[in-house]
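Engineer: My questions will all concern the structure given below.
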Protein chains: 2
Amino acid sequence: MSVRIVNVPLRRRSYQIQIGSGLLPRLGRACSDLGLGSRCAIITDSNVRPRLGSVAQRTLAKAGFQSVLITVPAGERAKSLKTVEACYNQLAAHRLERKSFIVALGGGVVGDLSGFVAVSYLRGIAFVQVPTTLLAQVDSSVGGKVGVNLRAGKNLVGAFHQPRLVICDLETLRTLPPREFRAGLAEVIKYGIIYDAALFRRLERDLPKLLRRDQKTLAAVVARCCEIKAEVVGQDETENGMRAILNFGHTIGHALEAVSNYGKYLHGEAISIGQVAAARLSAEVLDLPERDVQRIRVLFQRAGLPTEVKLSHAQRQKLLTAMRLDKKVSVGRIRFVLARRIGQVEFGQNVPMRILEQVLKNTP
Amino acid sequence: MSVRIVNVPLRRRSYQIQIGSGLLPRLGRACSDLGLGSRCAIITDSNVRPRLGSVAQRTLAKAGFQSVLITVPAGERAKSLKTVEACYNQLAAHRLERKSFIVALGGGVVGDLSGFVAVSYLRGIAFVQVPTTLLAQVDSSVGGKVGVNLRAGKNLVGAFHQPRLVICDLETLRTLPPREFRAGLAEVIKYGIIYDAALFRRLERDLPKLLRRDQKTLAAVVARCCEIKAEVVGQDETENGMRAILNFGHTIGHALEAVSNYGKYLHGEAISIGQVAAARLSAEVLDLPERDVQRIRVLFQRAGLPTEVKLSHAQRQKLLTAMRLDKKVSVGRIRFVLARRIGQVEFGQNVPMRILEQVLKNTP
């Protein structure tokens with residue numbers, strides 16, 4: 001079995017991302033290597049549990065760990081303080097201690113939620129990420145951003161808490177519903193836009209292989225995305241600067257999720273719309289060539305992702321209000337990540353309100 | 001006006017504790033010196049707000065800060081996730097940003113709660129402690145432990161988040177209800193037991209002056225307690241070792257609070273009982289002289305604090321169960337801080353269950 005290893009270089013908090021097919025059954029041994037305590041909780045959701053819950057429990061038991069399986073509802077709405085509290089209570093009931101750890105088995109919601117539970121239970125216990133969606137494998141499981149949503153906005157509550165290990169088992173993607181898989185591609189395409197024009201071209205070429213989940217193509221692409229994320233996070237762990245580039249398309253995307261109460265769009269779908277809008281803002285503000293705006297839009301479309309949204313005047317105002325709650329707002333100003341060309345973006349960009357309204361009005 | 005300054009030495013996270021009479025009206029200027037953003041939230045409780053809320057708002061406004069006053073219910077039960085959520089929602093409604101900060105104006109509950117809100121809102125914003133109870137001034141406002149309670153136990157949820165500044169205005173203690181003031185003395189006496197026999201003797205001598213809240217005596221004693229805490233925290237910020245000595249009497253004390261559902265005892269009262277019990281365990285396990293057990297008990301009694309509790313068999317079992325949930329439990333074992341003599345303690349001590357049950361059965 002071939003395993004690709006990507007290192008996330010964060011001094012005492014450095015860790016490995018392991019990428020390959022069939023890694024989940026080796027989770028137990030990997031945890032042993034970390035020298036963690038003997039008790040753990042696997043946090044998963046109601047979709048993932050029937051598929052992978054018992055595999056995870058078995059491998060941990062074989063390696064000598066006592067695990068308890070905690071199941072949260074599937075979907076973004078579970079990323080709430082209410083679910084966090086329910087998890088805490090189960091950790092307490094199962095007597096998890098400071099040396100105990102949490103395994104996050106699932107997509108981005110499970111990872112973000114579990115990480116927040118881990119960082120705040122007993123003032124912080126260890127956690128291991130086992131992302132089972134494409135989106136979580138290439139993005140949310142890496143870099144230590146953890147948190148939950150408030151009604152007022154996405155990820156408004158959270159912390160930085162690096163996992164001790166990330167295991168991306170590409171097998172788990174085989175059974176992922178098509179809509180979820182496509183949503184993950186939105187983050188994959190993002191890495192091309194913000195950092196790597198060659199990756200973007202590869203995606204233009206290999207999209208059909210990716211869409212049929214060819215394991216070899218997936219391995220290469222997932223590993224490249226993780227490398228990019230590791231490089232960015234290694235340079236700016238707590239987002240004082242360039243880490244912000246990872247938020248390309250996210251300011252509008254998050255706001256869209258918030259105003260639709262996290263029910264209508266998957267995160268990947270919302271940031272697909274957000275990235276296409278950001279590309280159009282980029283054309284206005286940073287002279288991104290119109291041809292690149294088109295390539296970006298077309299790639300998202302070919303990936304089966306939404307690229308536009310029709311908004312009434314009232315909806316547009318709600319969206320703007322939600323954007324002002326974005327964590328990156330400073331001195332009341334919304335800051336955008338914009339592209340100069342595919343493969344190169346700049347963060348902290350001001351967009352005149354007139355241009356922002358115009359782009360939102362007239363999507364695409 | 002004389003101000004005593006104690007430095008908490010934590011490298012990039014170092015900060016000052018300012019101790020003196022009449023410091024609250026200078027809060028605004030002190031915050032200006034820190035270079036914080038222009039928006040802040042003052043979190044306070046329903047007891048403190050009428051006395052000090054407008055003073056705090058005025059001094060902040062004078063220094064150019066826009067503040068919003070958030071009031072939580074008074075008492076330990078407010079130290080809950082429910083209150084945390086209510087605070088988040090108000091921060092979001094008032095558009096607090098990453099550079100914004102929180103002022104915790106109140107006792108230990110307000111400080112711990114506000115600190116947890118600060119560490120987790122937008123992945124962490126700055127906070128300033130303005131402790132208005134004796135207990136908060138000498139203990140909970142210093143050292144960065146923040147958090148809330150679960151039904152299963154006290155402080156089970158939390159983080160380390162150092163304040164940027166601590167302002168102890170001794171004037172605020174004048175109007176403190178006598179029961180609250182005495183509860184604070186439980187932590188003051190603790191510093192004598194764990195670290196400073198001379199302080200313990202001074203307390204034996206100056207207790208009457210303290211009880212009538214003589215500002216000079218208070219200034220000296222509060223400053224000495226803060227110095228001790230700063231020394232301990234400076235050596236072991238995240239409690240990997242010796243910081244545990246600060247928990248003398250707390251394992252039993254916390255459990256007592258938990259089984260009485262945080263309603264019967266103030267924290268200081270619970271740890272008064274806990275410290276006297278710990279002294280008795282110390283006599284059994286570390287040969288603390290019986291004379292010192294007596295001095296300890298008598299000093300707590302003179303301070304007007306409870307030193308014993310009558311428990312039924314069932315209550316005792318509940319107490320033992322709650323103790324096993326203590327954060328310091330490792331591999332299922334409860335670890336105690338015990339005294340060898342007044343002024344010198346040792347942490348990580350095992351106590352045979354037989355001795356523990358006997359001491360709990362037969363208090364005093």
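In the structure tokens, the first chain shown is A, the next is B, and so on; residue numbers restart at 1 for each chain, and ligands run from 1 in the order shown.
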Would you list the contacts of region 272-278 of chain B as a list in words, taking every protein, DNA or RNA residue within 6 Å and counting only C-alpha atoms, but skipping same-chain residues closer than 4 positions in sequence?
Structural biologist: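 Here the answer would be Ala186, Gly249, Ile252, Gly253, Ser282, Arg297, Thr307 and Glu308 of chain B.
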Engineer: Quick one: write out the picked residues with N, CA and C atoms as a short mmCIF file (atom, residue, chain, number, x, y, z; two decimals), in the first residue's frame?
Structural biologist:
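Printed below is part_9.cif as written:
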data_model
loop_
_atom_site.label_atom_id
_atom_site.label_comp_id
_atom_site.auth_asym_id
_atom_site.auth_seq_id
_atom_site.Cartn_x
_atom_site.Cartn_y
_atom_site.Cartn_z
N ALA B 186 -10.39 32.50 52.11
CA ALA B 186 -10.02 31.08 51.99
C ALA B 186 -8.85 30.91 51.02
N GLY B 249 -6.69 21.75 48.58
CA GLY B 249 -8.06 21.81 49.10
C GLY B 249 -9.13 21.85 48.03
N ILE B 252 -11.43 18.21 46.88
CA ILE B 252 -12.61 18.00 47.71
C ILE B 252 -13.57 19.19 47.58
N GLY B 253 -13.02 20.39 47.55
CA GLY B 253 -13.86 21.59 47.45
C GLY B 253 -14.71 21.60 46.19
N SER B 282 -3.14 15.29 55.03
CA SER B 282 -1.69 15.54 55.09
C SER B 282 -1.09 14.96 56.37
N ARG B 297 -7.12 24.85 60.86
CA ARG B 297 -8.54 24.85 61.13
C ARG B 297 -8.97 26.13 61.85
N THR B 307 -15.65 24.73 58.22
CA THR B 307 -14.48 23.85 58.16
C THR B 307 -14.89 22.39 58.15
N GLU B 308 -16.18 22.14 58.19
CA GLU B 308 -16.60 20.75 58.18
C GLU B 308 -17.95 20.61 57.51
#
Engineer: Tell me, counting only C-alpha atoms, for each residue of chain B within 7 Å of chain A, which pair of atoms is nearest and how far apart they are in Å to one decimal, in rows ordered by chain and increasing number, as a tab-separated table.
Structural biologist:
residue	atom	partner	partner_atom	distance
B:Ala92	CA	A:Ala152	CA	6.5
B:Arg95	CA	A:Leu325	CA	6.4
B:Glu97	CA	A:Ser330	CA	6.5
B:Arg98	CA	A:Lys327	CA	6.7
B:Ser120	CA	A:Gly158	CA	4.9
B:Tyr121	CA	A:Val157	CA	4.7
B:Leu122	CA	A:Leu156	CA	5.0
B:Arg123	CA	A:Ala159	CA	4.1
B:Gly124	CA	A:Ala159	CA	6.6
B:Ala152	CA	A:Ala92	CA	6.5
B:Leu156	CA	A:Leu122	CA	5.0
B:Val157	CA	A:Tyr121	CA	4.7
B:Gly158	CA	A:Arg123	CA	4.6
B:Ala159	CA	A:Arg123	CA	4.1
B:Phe160	CA	A:Arg123	CA	6.7
B:Leu325	CA	A:Arg95	CA	6.5
B:Lys327	CA	A:Leu122	CA	6.1
B:Val329	CA	A:Glu97	CA	6.7
B:Ser330	CA	A:Glu97	CA	6.6
Engineer: Quick one: everything within 7 Å of region 6-8 of chain B, counting only C-alpha atoms, minus sequence neighbours fewer than 2 positions away in the same chain. Send it as a VMD selection string.
Structural biologist: chain B and resid 4 10 14 to 18 226 to 227 230 234
Engineer: Could you name the residues that touch Ile245 (chain A) at 10 Å or less, counting only C-alpha atoms, but leaving out those on the same chain fewer than 4 positions away, as a list in words?
Structural biologist: Lys190, Tyr191, Ile194, Tyr195, Val232, Glu239, Gly241, Gly249, His250, Phe336, Val337, Leu338, Ala339, Gln344, Val345, Glu346, Phe347 and Gly348 of chain A
